[in-house]
Structure formats: C-alpha cells, structure tokens
file model.pdb (PDB, C-alpha atoms, pLDDT in the B column)
ATOM      1  CA  MET A   1     137.872-125.834-105.155  1.00 90.00           C
ATOM      2  CA  LEU A   2     135.046-123.423-104.301  1.00 91.00           C
ATOM      3  CA  ILE A   3     131.453-124.551-103.832  1.00 91.00           C
ATOM      4  CA  SER A   4     128.942-121.788-103.226  1.00 90.00           C
ATOM      5  CA  ILE A   5     125.296-122.466-102.455  1.00 88.00           C
ATOM      6  CA  GLY A   6     122.357-120.309-101.526  1.00 85.00           C
ATOM      7  CA  SER A   7     121.451-120.243 -97.866  1.00 84.00           C
ATOM      8  CA  ARG A   8     118.696-122.841 -98.397  1.00 86.00           C
ATOM      9  CA  LEU A   9     118.506-126.334 -96.958  1.00 88.00           C
ATOM     10  CA  ASP A  10     117.374-127.797-100.283  1.00 89.00           C
ATOM     11  CA  GLN A  11     120.779-126.913-101.780  1.00 89.00           C
ATOM     12  CA  VAL A  12     122.943-128.591 -99.122  1.00 93.00           C
ATOM     13  CA  TRP A  13     122.889-131.987-100.853  1.00 93.00           C
ATOM     14  CA  ALA A  14     124.865-130.595-103.805  1.00 93.00           C
ATOM     15  CA  ALA A  15     127.673-129.474-101.524  1.00 94.00           C
ATOM     16  CA  GLY A  16     127.698-132.870 -99.807  1.00 96.00           C
ATOM     17  CA  VAL A  17     127.904-134.805-103.078  1.00 96.00           C
ATOM     18  CA  SER A  18     130.748-132.587-104.296  1.00 96.00           C
ATOM     19  CA  VAL A  19     132.756-132.990-101.087  1.00 97.00           C
ATOM     20  CA  HIS A  20     132.212-136.766-101.175  1.00 97.00           C
ATOM     21  CA  ALA A  21     133.532-136.946-104.750  1.00 97.00           C
ATOM     22  CA  VAL A  22     136.624-134.897-103.902  1.00 96.00           C
ATOM     23  CA  ALA A  23     137.357-137.076-100.858  1.00 97.00           C
ATOM     24  CA  LEU A  24     137.183-140.218-102.994  1.00 96.00           C
ATOM     25  CA  ARG A  25     139.530-138.686-105.586  1.00 95.00           C
ATOM     26  CA  LEU A  26     142.011-137.890-102.820  1.00 96.00           C
ATOM     27  CA  GLY A  27     142.112-141.556-101.805  1.00 95.00           C
ATOM     28  CA  PHE A  28     139.738-141.702 -98.852  1.00 97.00           C
ATOM     29  CA  ARG A  29     137.802-144.955 -98.562  1.00 96.00           C
ATOM     30  CA  GLU A  30     134.048-144.833 -99.185  1.00 97.00           C
ATOM     31  CA  LEU A  31     133.179-144.735 -95.471  1.00 97.00           C
ATOM     32  CA  GLU A  32     135.714-141.979 -94.814  1.00 97.00           C
ATOM     33  CA  ALA A  33     134.405-139.952 -97.765  1.00 97.00           C
ATOM     34  CA  TYR A  34     130.887-140.333 -96.373  1.00 97.00           C
ATOM     35  CA  GLN A  35     132.078-139.151 -92.937  1.00 97.00           C
ATOM     36  CA  ILE A  36     133.756-136.089 -94.457  1.00 97.00           C
ATOM     37  CA  GLU A  37     130.564-135.382 -96.416  1.00 97.00           C
ATOM     38  CA  LEU A  38     128.549-135.726 -93.193  1.00 95.00           C
ATOM     39  CA  ALA A  39     130.818-133.299 -91.338  1.00 95.00           C
ATOM     40  CA  THR A  40     130.548-130.739 -94.142  1.00 96.00           C
ATOM     41  CA  VAL A  41     126.770-131.060 -94.398  1.00 95.00           C
ATOM     42  CA  GLU A  42     126.497-130.623 -90.619  1.00 92.00           C
ATOM     43  CA  VAL A  43     128.449-127.347 -90.717  1.00 92.00           C
ATOM     44  CA  VAL A  44     126.535-126.052 -93.750  1.00 93.00           C
ATOM     45  CA  ASN A  45     123.183-126.971 -92.171  1.00 90.00           C
ATOM     46  CA  ASN A  46     124.181-125.152 -88.977  1.00 86.00           C
ATOM     47  CA  ALA A  47     125.139-122.066 -90.954  1.00 87.00           C
ATOM     48  CA  ILE A  48     121.761-122.049 -92.666  1.00 88.00           C
ATOM     49  CA  GLN A  49     119.622-122.949 -89.658  1.00 84.00           C
ATOM     50  CA  HIS A  50     121.347-120.958 -86.916  1.00 75.00           C
ATOM     51  CA  ALA A  51     123.247-118.086 -88.522  1.00 69.00           C
ATOM     52  CA  ARG A  52     121.096-117.041 -91.461  1.00 69.00           C
ATOM     53  CA  ARG A  53     119.696-113.537 -91.204  1.00 65.00           C
ATOM     54  CA  GLY A  54     117.451-113.623 -94.246  1.00 65.00           C
ATOM     55  CA  PRO A  55     117.160-114.556 -97.920  1.00 67.00           C
ATOM     56  CA  GLY A  56     119.897-113.849-100.404  1.00 68.00           C
ATOM     57  CA  GLN A  57     122.797-115.105 -98.322  1.00 81.00           C
ATOM     58  CA  SER A  58     125.260-117.739 -99.437  1.00 86.00           C
ATOM     59  CA  VAL A  59     127.396-120.402 -97.855  1.00 92.00           C
ATOM     60  CA  ASP A  60     130.838-120.953 -99.368  1.00 95.00           C
ATOM     61  CA  ILE A  61     132.814-124.169 -99.050  1.00 96.00           C
ATOM     62  CA  VAL A  62     136.488-124.155-100.034  1.00 97.00           C
ATOM     63  CA  LEU A  63     138.308-127.488-100.304  1.00 97.00           C
ATOM     64  CA  ALA A  64     142.082-127.596-100.460  1.00 96.00           C
ATOM     65  CA  ALA A  65     144.620-130.410-100.353  1.00 95.00           C
ATOM     66  CA  SER A  66     148.096-129.469 -99.228  1.00 92.00           C
ATOM     67  CA  GLU A  67     150.948-131.155 -97.385  1.00 91.00           C
ATOM     68  CA  GLY A  68     148.970-134.354 -96.936  1.00 94.00           C
ATOM     69  CA  MET A  69     145.959-132.627 -95.398  1.00 96.00           C
ATOM     70  CA  LEU A  70     142.447-131.955 -96.681  1.00 97.00           C
ATOM     71  CA  SER A  71     141.042-128.695 -95.395  1.00 97.00           C
ATOM     72  CA  ILE A  72     137.415-127.720 -95.730  1.00 97.00           C
ATOM     73  CA  ASP A  73     136.579-124.103 -94.983  1.00 97.00           C
ATOM     74  CA  VAL A  74     132.903-123.198 -94.649  1.00 95.00           C
ATOM     75  CA  SER A  75     131.990-119.524 -94.422  1.00 94.00           C
ATOM     76  CA  ASP A  76     128.750-117.576 -94.269  1.00 91.00           C
ATOM     77  CA  ASP A  77     127.674-114.013 -93.634  1.00 87.00           C
ATOM     78  CA  GLY A  78     125.118-114.881 -90.967  1.00 83.00           C
ATOM     79  CA  GLN A  79     124.961-114.044 -87.290  1.00 82.00           C
ATOM     80  CA  PRO A  80     128.089-114.761 -85.250  1.00 84.00           C
ATOM     81  CA  ALA A  81     128.261-117.951 -83.227  1.00 75.00           C
ATOM     82  CA  PRO A  82     128.923-117.823 -79.473  1.00 71.00           C
ATOM     83  CA  THR A  83     132.704-117.984 -79.976  1.00 64.00           C
ATOM     84  CA  ASP A  84     133.756-118.768 -76.393  1.00 66.00           C
ATOM     85  CA  TRP A  85     131.404-121.733 -76.056  1.00 58.00           C
ATOM     86  CA  LEU A  86     132.037-122.962 -79.570  1.00 64.00           C
ATOM     87  CA  ASN A  87     135.811-122.874 -79.285  1.00 62.00           C
ATOM     88  CA  ARG A  88     135.643-124.824 -76.001  1.00 63.00           C
ATOM     89  CA  CYS A  89     133.720-127.541 -77.838  1.00 60.00           C
ATOM     90  CA  VAL A  90     135.652-127.929 -81.071  1.00 64.00           C
ATOM     91  CA  ARG A  91     138.776-129.998 -81.470  1.00 57.00           C
ATOM     92  CA  LYS A  92     142.121-128.341 -81.989  1.00 55.00           C
ATOM     93  CA  SER A  93     145.047-129.991 -83.701  1.00 47.00           C
ATOM     94  CA  GLY A  94     146.950-132.107 -81.202  1.00 48.00           C
ATOM     95  CA  ASP A  95     143.987-132.526 -78.831  1.00 53.00           C
ATOM     96  CA  VAL A  96     144.011-136.257 -78.374  1.00 44.00           C
ATOM     97  CA  SER A  97     141.388-136.506 -75.648  1.00 46.00           C
ATOM     98  CA  GLY A  98     138.493-136.994 -78.075  1.00 45.00           C
ATOM     99  CA  GLN A  99     136.178-136.655 -75.086  1.00 48.00           C
ATOM    100  CA  VAL A 100     132.783-135.169 -75.765  1.00 46.00           C
ATOM    101  CA  GLU A 101     131.983-132.204 -73.560  1.00 48.00           C
ATOM    102  CA  ALA A 102     128.977-132.941 -71.348  1.00 47.00           C
ATOM    103  CA  ASP A 103     127.110-129.860 -72.556  1.00 44.00           C
ATOM    104  CA  LEU A 104     127.294-131.085 -76.174  1.00 43.00           C
ATOM    105  CA  PHE A 105     124.693-133.714 -75.370  1.00 42.00           C
ATOM    106  CA  GLU A 106     122.106-130.993 -74.784  1.00 45.00           C
ATOM    107  CA  SER A 107     123.123-128.595 -77.530  1.00 50.00           C
ATOM    108  CA  GLY A 108     125.692-129.001 -80.247  1.00 57.00           C
ATOM    109  CA  ARG A 109     125.601-132.733 -80.876  1.00 63.00           C
ATOM    110  CA  GLY A 110     126.828-131.978 -84.392  1.00 72.00           C
ATOM    111  CA  LEU A 111     130.060-130.636 -82.905  1.00 75.00           C
ATOM    112  CA  ALA A 112     130.604-133.971 -81.181  1.00 76.00           C
ATOM    113  CA  VAL A 113     130.250-135.668 -84.576  1.00 81.00           C
ATOM    114  CA  LEU A 114     132.714-133.227 -86.160  1.00 85.00           C
ATOM    115  CA  ASN A 115     135.239-133.870 -83.396  1.00 83.00           C
ATOM    116  CA  GLN A 116     135.066-137.611 -84.060  1.00 87.00           C
ATOM    117  CA  ILE A 117     135.409-137.328 -87.839  1.00 91.00           C
ATOM    118  CA  MET A 118     137.895-134.514 -88.331  1.00 93.00           C
ATOM    119  CA  GLU A 119     141.371-134.075 -86.863  1.00 92.00           C
ATOM    120  CA  GLU A 120     140.904-130.359 -86.322  1.00 91.00           C
ATOM    121  CA  VAL A 121     137.831-128.116 -86.204  1.00 89.00           C
ATOM    122  CA  THR A 122     138.107-124.372 -85.543  1.00 88.00           C
ATOM    123  CA  TYR A 123     135.792-121.372 -85.712  1.00 87.00           C
ATOM    124  CA  HIS A 124     136.508-117.682 -86.059  1.00 87.00           C
ATOM    125  CA  ARG A 125     134.757-114.571 -87.290  1.00 87.00           C
ATOM    126  CA  ALA A 126     136.468-112.245 -89.770  1.00 90.00           C
ATOM    127  CA  ALA A 127     135.291-109.681 -92.322  1.00 89.00           C
ATOM    128  CA  GLN A 128     131.683-110.001 -91.115  1.00 87.00           C
ATOM    129  CA  ARG A 129     131.694-113.737 -91.909  1.00 89.00           C
ATOM    130  CA  ASN A 130     131.677-116.922 -89.854  1.00 90.00           C
ATOM    131  CA  HIS A 131     134.486-119.334 -90.727  1.00 92.00           C
ATOM    132  CA  VAL A 132     134.614-123.000 -89.750  1.00 92.00           C
ATOM    133  CA  ARG A 133     137.738-124.896 -90.764  1.00 94.00           C
ATOM    134  CA  MET A 134     137.910-128.680 -90.688  1.00 95.00           C
ATOM    135  CA  VAL A 135     141.083-130.626 -91.387  1.00 96.00           C
ATOM    136  CA  ARG A 136     141.740-134.320 -91.962  1.00 96.00           C
ATOM    137  CA  ARG A 137     144.886-136.167 -93.013  1.00 96.00           C
ATOM    138  CA  ILE A 138     144.774-137.566 -96.557  1.00 96.00           C
ATOM    139  CA  PRO A 139     145.531-141.302 -96.611  1.00 92.00           C
ATOM    140  CA  GLU A 140     148.757-142.320 -98.280  1.00 84.00           C
ATOM    141  CA  PRO A 141     148.371-144.450-101.416  1.00 75.00           C
ATOM    142  CA  ALA A 142     148.731-148.163-100.665  1.00 56.00           C
ATOM    143  CA  GLY A 143     151.942-148.409-102.678  1.00 49.00           C
ATOM    144  CA  LEU A 144     153.586-145.569-100.773  1.00 51.00           C
ATOM    145  CA  LEU A 145     153.026-146.729 -97.208  1.00 48.00           C
ATOM    146  CA  PRO A 146     156.220-146.871 -95.156  1.00 52.00           C
ATOM    147  CA  ASP A 147     157.502-150.276 -94.178  1.00 51.00           C
ATOM    148  CA  ALA A 148     156.454-151.428 -90.712  1.00 46.00           C
TER     149      ALA A 148
END
call {"tool": "encode", "arguments": {"input": "model.pdb", "output": "structure tokens"}}
result
Amino acid sequence: MLISIGSRLDQVWAAGVSVHAVALRLGFRELEAYQIELATVEVVNNAIQHARRGPGQSVDIVLAASEGMLSIDVSDDGQPAPTDWLNRCVRKSGDVSGQVEADLFESGRGLAVLNQIMEEVTYHRAAQRNHVRMVRRIPEPAGLLPDA
C-alpha cells in the first residue's frame, strides 16, 4: 500500500490514520496500532521538519506485510540525514540491548521512541531520496498460537 502526502505538517494526520487502520486489519491490538501510527508519524514529521528543501516535495509511505512482518518504508527527497550518527542510533534486527544512546536525550528523542516500538529501524540514502525502514512482527491470530 502506498500513501503519498505533500511535505506539509497538516497532511501528516492522514498518513497516521491510514497506518493505524492497516495495523488493526493485520491483527495488532489497539495500543500496538497506535504505537505503529506514532512511529510512522514521527518519521514523517522528521522528514518534513528536518529534510525538506522547499515546497512541492512529497513524503511516500509504503506498507507491506510479508512473512509475518509489517514493514513501513518512508521516503522523501529532502536533504540527507547525518548517516553515521543516525545509523548508530537506530535499532538493527537482532539488537536486543534496547538501550537508549545517551546523546538521544539531547537530540533525536524520536529515534528512542522508534527503537522501543519497532523491531528494526534503518536509514539509507538512494536515488537522491532518504529512506527509513521500520519493521515489526505481525501478531499471530489467537487461534493459531502454538501450544505452550
């Protein structure tokens, strides 16, 4: 599913509502769907507030569900993020520390929130666009849970 909004803060709510609805349809509980919405809105807000170069830009959000995982890819054509610092602060798959880097308390508190909500958060720049990918495991339906 593709959601594309103008690079304006007054359009972010529409992306958040759409992501929330998709999360609910995939079986996330209400609180989890809200957390996923919050993470997406945080990334979209950052793209608009920190990367935007001028009017006429867009932010694209692509949601995909595959192999039991929800992935949310947010991309924009704004200024590049400081990749080295950002990639030290985001959570990679398999990083179980969950510890918040000390420098996130001064700048990048949103990244700390993303690390708590999502299982994986990565950033890269390609084709003159910023790309943030967030991944979270989709809950198994209650009737399909393995026996304990």
call {"tool": "resolve_selection", "arguments": {"input": "model.pdb", "expression": "the PyMOL selection byres ((chain A and resi 8) around 9)", "output": "list in words"}}
result
Ile5, Gly6, Ser7, Leu9, Asp10, Gln11, Val12, Asn45, Ile48, Gln49, Pro55, Gln57 and Ser58 of chain A
call {"tool": "resolve_selection", "arguments": {"input": "model.pdb", "expression": "the PyMOL selection byres ((chain A and resi 16) around 8)", "output": "tab-separated table (two decimals) with C-alpha atoms, keeping the file's coordinate frame"}}
result
chain	number	residue	atom	x	y	z
A	12	VAL	CA	122.94	-128.59	-99.12
A	13	TRP	CA	122.89	-131.99	-100.85
A	14	ALA	CA	124.86	-130.60	-103.80
A	15	ALA	CA	127.67	-129.47	-101.52
A	17	VAL	CA	127.90	-134.80	-103.08
A	18	SER	CA	130.75	-132.59	-104.30
A	19	VAL	CA	132.76	-132.99	-101.09
A	20	HIS	CA	132.21	-136.77	-101.18
A	37	GLU	CA	130.56	-135.38	-96.42
A	38	LEU	CA	128.55	-135.73	-93.19
A	40	THR	CA	130.55	-130.74	-94.14
A	41	VAL	CA	126.77	-131.06	-94.40
call {"tool": "resolve_selection", "arguments": {"input": "model.pdb", "expression": "the PyMOL selection byres ((chain A and resi 80) around 9)", "output": "list of chain:residue names"}}
result
A:Ala51, A:Asp77, A:Gly78, A:Gln79, A:Ala81, A:Pro82, A:Thr83, A:His124, A:Arg125, A:Gln128, A:Arg129, A:Asn130
call {"tool": "residues_around", "arguments": {"input": "model.pdb", "residues": "A:Leu114", "least_positions_apart": "6", "cutoff": "9 Å", "atoms": "all atoms listed in the file", "output": "list in words"}}
result
Ile36, Leu38, Ala39, Thr40, Glu42, Val43, Val90, Arg91, Glu120, Val121 and Met134 of chain A
call {"tool": "atom_distance", "arguments": {"input": "model.pdb", "atom1": "atom CA of A:Leu63", "atom2": "atom CA of A:Ala47"}}
result
17.0 Å
